[in-house]
Amino acid sequence: MATYSNPKYSADNYQANRPRYKESLVNTILAYHRRDNPAAGAELAVDVATGTGIFAQQLPPHFAKVIGTDISATMLESARKAERQSIEYVEAPSENLEFLADHSVDVMTVATGAHWFDIEKFVSEAQRVLKPSGTLAIFGYTGFAHFVDYPQCDKIIKEYGLGDDRLGRFWDRGREVLVEGYRNYHAAFARNAWPGIERHIYPNTIEGEPSAELPPILDSEPNIMDFQVTWRVLRAFLLTWSTLTLYHKQYPERENAAEAVIREMMAAAGSTDMDEKLNMQWEEILLLCHPPQLHA
C-alpha cells in the first residue's frame, strides 16, 4: 500500500501505537487448522503484509519457522528493530511470493492488510503456496468501534473516517473491502471452492451485516483484539491512520484532523479527562478457510 511504503511515513509510530492482537488468536487459528486434521503441520507460518511485524511476533512459539512479508522496506526495517525472535522478513508483494515453494506453507495469516491486495491474484498465490492441509487466516479491525457508554460518538468517528468532506476520499483504494467485512474475499473463496469457509464478525455494527448472501458467524465476544483505550490512547491510534497523512498533504495548513475529532467526541461525551477509560467494542472480522484440495 503506497502510503505505508513512503519513507516519510512513521513506521515507528505505527509500531508503537497500533493495537496488539489477542494472545489467544493464534490458538483460535490453530484450533481451526487442526479441527478436521489433528496431524496438520506447524512447520512454516507466513504472515503476509506483516507491516512492522506486530502479529508475526506472536507466531514463533507455535511454529518451527516464521516468515513475515511486506512491500514496504520502511515497515520491515521497523519490524527488524522490534524483533526479539527468529523471524525472517522478506520484501515481497503479497500477490507474488515467488521465494516460497509450491504447497510449502502450513498457515498463512494476514493481519489487517488483505484489503490492500488484488483479491483474485492473492487468492491464486495463497492456493499455490499453501499445503493441501494448510489454513489461510485473514483478519482485521475496521478502526471503528461502538462506544458503549457514549453511543453518540459512533457516528462521529465513522463520519470522520469515511465522510467525503473529512478523511474518506483520501484512503488508498481497498479500504472499502475491510469496511464491508471482507465479503469480497468470502465470495472469492466460495467461487474457487475453498472448503471450510468461516467468516466471523464482532459486533454487529459492520456496514451491511449480517449479509444474507454471505452469512457471517456473529460472535458474542471479540476474537482478534482487546484494545483498551483512553481518549489519549485513541488519539495516538488515530494519528497512525494512513489517510491522515494524505489528508494533510493536501491541507497542510489545517489543524490536525485526529486532534480535532478527539475534541469533538469528548465534547459530545461531556468528558474532559484525556485519561478516562473508554468502554469500546471494536469492529473486527476473522475469515478462515482451507485451500481447494489437489486432485490426482
# chains A, B, ... in the order shown; residues from 1 in each chain; ligands from 1
call {"tool": "residues_around", "arguments": {"residues": "range 111-118 of chain A", "least_positions_apart": "2", "cutoff": "8 Å", "atoms": "only C-alpha atoms", "output": "ChimeraX atom specification"}}
result
/A:1,47-50,55,94-95,109,120-122,138-141,173-178,182
call {"tool": "closest_residue", "arguments": {"among": "A:Glu284, A:Ala73, A:Met108, A:Val66", "to": "Ala92 in chain A", "atoms": "only C-alpha atoms"}}
result
A:Ala73
call {"tool": "atom_distance", "arguments": {"atom1": "CA of Arg80 in chain A", "atom2": "CA of Gly51 in chain A"}}
result
10.5 Å
call {"tool": "atom_distance", "arguments": {"atom1": "CA of Ala187 in chain A", "atom2": "CA of Pro132 in chain A"}}
result
20.4 Å
call {"tool": "residues_around", "arguments": {"residues": "Ala188 in chain A", "least_positions_apart": "6", "cutoff": "10 Å", "atoms": "only C-alpha atoms", "output": "list in words"}}
result
Ile119, Glu120, Val123 and Trp194 of chain A
call {"tool": "select_by_dssp", "arguments": {"residues": "range 38-75 of chain A", "states": "strand (DSSP E or B)", "output": "VMD selection string"}}
result
chain A and resid 44 to 48 65 to 70
call {"tool": "residues_around", "arguments": {"residues": "Glu221 in chain A", "least_positions_apart": "3", "cutoff": "10 Å", "atoms": "only C-alpha atoms", "output": "compact mmCIF listing (two decimals) with C-alpha atoms, in the first residue's frame"}}
result
# COMPACT_ATOMS: atom_id res chain seq x y z
CA ILE A 201 -17.69 -10.65 12.80
CA TYR A 202 -17.98 -8.70 16.03
CA PRO A 203 -20.01 -6.71 16.96
CA LEU A 218 -21.91 -13.38 14.72
CA ILE A 224 -8.86 -10.86 17.45
CA MET A 225 -8.37 -7.79 19.60
CA ASP A 226 -8.97 -6.43 23.07
CA GLN A 281 -16.44 -2.69 21.10
call {"tool": "residues_around", "arguments": {"residues": "Thr135 in chain A", "least_positions_apart": "2", "cutoff": "10 Å", "atoms": "only C-alpha atoms", "output": "PyMOL selection string"}}
result
chain A and resi 29-30+32-34+40+45+105-109+126-127+130-133+137-138+196+288-291
call {"tool": "write_last_selection", "arguments": {"atoms": "N, CA, C and O atoms", "output": "mmCIF file, in the first residue's frame"}}
result
data_model
loop_
_atom_site.group_PDB
_atom_site.id
_atom_site.type_symbol
_atom_site.label_atom_id
_atom_site.label_comp_id
_atom_site.auth_asym_id
_atom_site.auth_seq_id
_atom_site.Cartn_x
_atom_site.Cartn_y
_atom_site.Cartn_z
ATOM 1 N N ILE A 29 -6.729 -19.819 15.633
ATOM 2 C CA ILE A 29 -6.372 -20.217 14.268
ATOM 3 C C ILE A 29 -5.907 -21.675 14.241
ATOM 4 O O ILE A 29 -6.300 -22.455 13.364
ATOM 5 N N LEU A 30 -5.054 -22.050 15.198
ATOM 6 C CA LEU A 30 -4.547 -23.423 15.231
ATOM 7 C C LEU A 30 -5.653 -24.434 15.520
ATOM 8 O O LEU A 30 -5.638 -25.559 14.988
ATOM 9 N N TYR A 32 -8.743 -24.201 14.533
ATOM 10 C CA TYR A 32 -9.386 -24.381 13.230
ATOM 11 C C TYR A 32 -8.500 -25.231 12.319
ATOM 12 O O TYR A 32 -8.980 -26.153 11.634
ATOM 13 N N HIS A 33 -7.198 -24.940 12.299
ATOM 14 C CA HIS A 33 -6.237 -25.636 11.437
ATOM 15 C C HIS A 33 -6.260 -27.151 11.678
ATOM 16 O O HIS A 33 -6.147 -27.935 10.729
ATOM 17 N N ARG A 34 -6.447 -27.545 12.932
ATOM 18 C CA ARG A 34 -6.353 -28.968 13.296
ATOM 19 C C ARG A 34 -7.702 -29.623 13.585
ATOM 20 O O ARG A 34 -7.746 -30.788 13.976
ATOM 21 N N ALA A 40 -2.313 -31.882 11.148
ATOM 22 C CA ALA A 40 -1.921 -30.747 10.298
ATOM 23 C C ALA A 40 -0.665 -30.091 10.845
ATOM 24 O O ALA A 40 -0.523 -29.890 12.051
ATOM 25 N N ALA A 45 4.903 -20.902 9.100
ATOM 26 C CA ALA A 45 3.841 -19.892 9.071
ATOM 27 C C ALA A 45 4.364 -18.671 8.338
ATOM 28 O O ALA A 45 5.515 -18.269 8.531
ATOM 29 N N VAL A 105 3.555 -24.034 2.741
ATOM 30 C CA VAL A 105 3.164 -23.242 3.908
ATOM 31 C C VAL A 105 2.037 -23.939 4.664
ATOM 32 O O VAL A 105 1.024 -24.333 4.070
ATOM 33 N N ASP A 106 2.207 -24.067 5.974
ATOM 34 C CA ASP A 106 1.158 -24.676 6.799
ATOM 35 C C ASP A 106 0.046 -23.683 7.114
ATOM 36 O O ASP A 106 -1.137 -24.004 6.974
ATOM 37 N N VAL A 107 0.428 -22.506 7.577
ATOM 38 C CA VAL A 107 -0.552 -21.480 7.941
ATOM 39 C C VAL A 107 -0.098 -20.141 7.381
ATOM 40 O O VAL A 107 1.059 -19.737 7.560
ATOM 41 N N MET A 108 -1.006 -19.476 6.691
ATOM 42 C CA MET A 108 -0.755 -18.127 6.184
ATOM 43 C C MET A 108 -1.712 -17.187 6.897
ATOM 44 O O MET A 108 -2.910 -17.460 6.986
ATOM 45 N N THR A 109 -1.181 -16.075 7.401
ATOM 46 C CA THR A 109 -2.011 -15.088 8.085
ATOM 47 C C THR A 109 -1.883 -13.733 7.403
ATOM 48 O O THR A 109 -0.848 -13.406 6.824
ATOM 49 N N ALA A 126 -2.062 -17.655 -2.755
ATOM 50 C CA ALA A 126 -2.234 -18.389 -1.498
ATOM 51 C C ALA A 126 -2.520 -19.867 -1.777
ATOM 52 O O ALA A 126 -1.982 -20.758 -1.095
ATOM 53 N N GLN A 127 -3.330 -20.129 -2.787
ATOM 54 C CA GLN A 127 -3.624 -21.516 -3.148
ATOM 55 C C GLN A 127 -2.360 -22.237 -3.606
ATOM 56 O O GLN A 127 -2.150 -23.418 -3.308
ATOM 57 N N LEU A 130 0.096 -22.715 -0.179
ATOM 58 C CA LEU A 130 -0.408 -23.450 0.981
ATOM 59 C C LEU A 130 -0.378 -24.956 0.734
ATOM 60 O O LEU A 130 -0.660 -25.435 -0.374
ATOM 61 N N LYS A 131 -0.034 -25.686 1.772
ATOM 62 C CA LYS A 131 -0.149 -27.142 1.706
ATOM 63 C C LYS A 131 -1.627 -27.516 1.569
ATOM 64 O O LYS A 131 -2.508 -26.760 2.008
ATOM 65 N N PRO A 132 -1.923 -28.701 1.005
ATOM 66 C CA PRO A 132 -3.330 -29.127 0.931
ATOM 67 C C PRO A 132 -4.006 -29.148 2.300
ATOM 68 O O PRO A 132 -5.218 -28.920 2.400
ATOM 69 N N SER A 133 -3.222 -29.389 3.356
ATOM 70 C CA SER A 133 -3.763 -29.398 4.718
ATOM 71 C C SER A 133 -3.659 -28.037 5.396
ATOM 72 O O SER A 133 -3.905 -27.914 6.597
ATOM 73 N N ALA A 137 -5.751 -17.572 7.239
ATOM 74 C CA ALA A 137 -6.486 -16.756 8.207
ATOM 75 C C ALA A 137 -6.315 -15.285 7.842
ATOM 76 O O ALA A 137 -5.204 -14.745 7.906
ATOM 77 N N ILE A 138 -7.404 -14.656 7.426
ATOM 78 C CA ILE A 138 -7.433 -13.231 7.114
ATOM 79 C C ILE A 138 -8.267 -12.562 8.205
ATOM 80 O O ILE A 138 -9.386 -12.985 8.478
ATOM 81 N N GLY A 196 -14.511 -25.178 4.010
ATOM 82 C CA GLY A 196 -14.477 -24.806 5.426
ATOM 83 C C GLY A 196 -14.475 -23.322 5.693
ATOM 84 O O GLY A 196 -13.947 -22.876 6.718
ATOM 85 N N LEU A 288 -11.557 -17.579 7.977
ATOM 86 C CA LEU A 288 -10.732 -18.795 7.980
ATOM 87 C C LEU A 288 -11.174 -19.716 6.851
ATOM 88 O O LEU A 288 -12.374 -19.854 6.580
ATOM 89 N N CYS A 289 -10.208 -20.377 6.204
ATOM 90 C CA CYS A 289 -10.543 -21.355 5.168
ATOM 91 C C CYS A 289 -9.333 -22.205 4.838
ATOM 92 O O CYS A 289 -8.199 -21.899 5.255
ATOM 93 N N HIS A 290 -9.577 -23.282 4.133
ATOM 94 C CA HIS A 290 -8.533 -24.188 3.654
ATOM 95 C C HIS A 290 -8.451 -24.065 2.125
ATOM 96 O O HIS A 290 -9.437 -23.725 1.460
ATOM 97 N N PRO A 291 -7.295 -24.370 1.530
ATOM 98 C CA PRO A 291 -7.192 -24.298 0.060
ATOM 99 C C PRO A 291 -7.954 -25.448 -0.596
ATOM 100 O O PRO A 291 -8.165 -26.502 0.023
#
call {"tool": "closest_residue", "arguments": {"among": "A:Ala145, A:Ile71, A:Val26, A:Ala39", "to": "Leu59 in chain A", "atoms": "only C-alpha atoms"}}
result
A:Val26
call {"tool": "residues_around", "arguments": {"residues": "Ile67 in chain A", "least_positions_apart": "6", "cutoff": "9 Å", "atoms": "only C-alpha atoms", "output": "mmCIF file with C-alpha atoms, in the first residue's frame"}}
result
data_model
loop_
_atom_site.group_PDB
_atom_site.id
_atom_site.type_symbol
_atom_site.label_atom_id
_atom_site.label_comp_id
_atom_site.auth_asym_id
_atom_site.auth_seq_id
_atom_site.Cartn_x
_atom_site.Cartn_y
_atom_site.Cartn_z
ATOM 1 C CA LEU A 44 6.047 -22.916 8.433
ATOM 2 C CA ALA A 45 3.841 -19.892 9.071
ATOM 3 C CA VAL A 46 3.895 -16.887 6.752
ATOM 4 C CA ASP A 47 2.462 -13.547 7.885
ATOM 5 C CA VAL A 48 1.683 -11.603 4.714
ATOM 6 C CA ALA A 56 4.218 -12.131 13.256
ATOM 7 C CA ILE A 87 11.556 -14.245 12.258
ATOM 8 C CA GLU A 88 12.740 -13.908 8.671
ATOM 9 C CA TYR A 89 11.443 -10.770 6.967
ATOM 10 C CA VAL A 90 11.192 -10.634 3.172
#
call {"tool": "select_by_dssp", "arguments": {"residues": "range 30-163 of chain A", "states": "alpha helix (DSSP H)", "output": "ChimeraX atom specification"}}
result
/A:30-35,73-82,119-129,152-162
call {"tool": "atom_distance", "arguments": {"atom1": "CA of Phe144 in chain A", "atom2": "CA of Ile157 in chain A"}}
result
6.8 Å
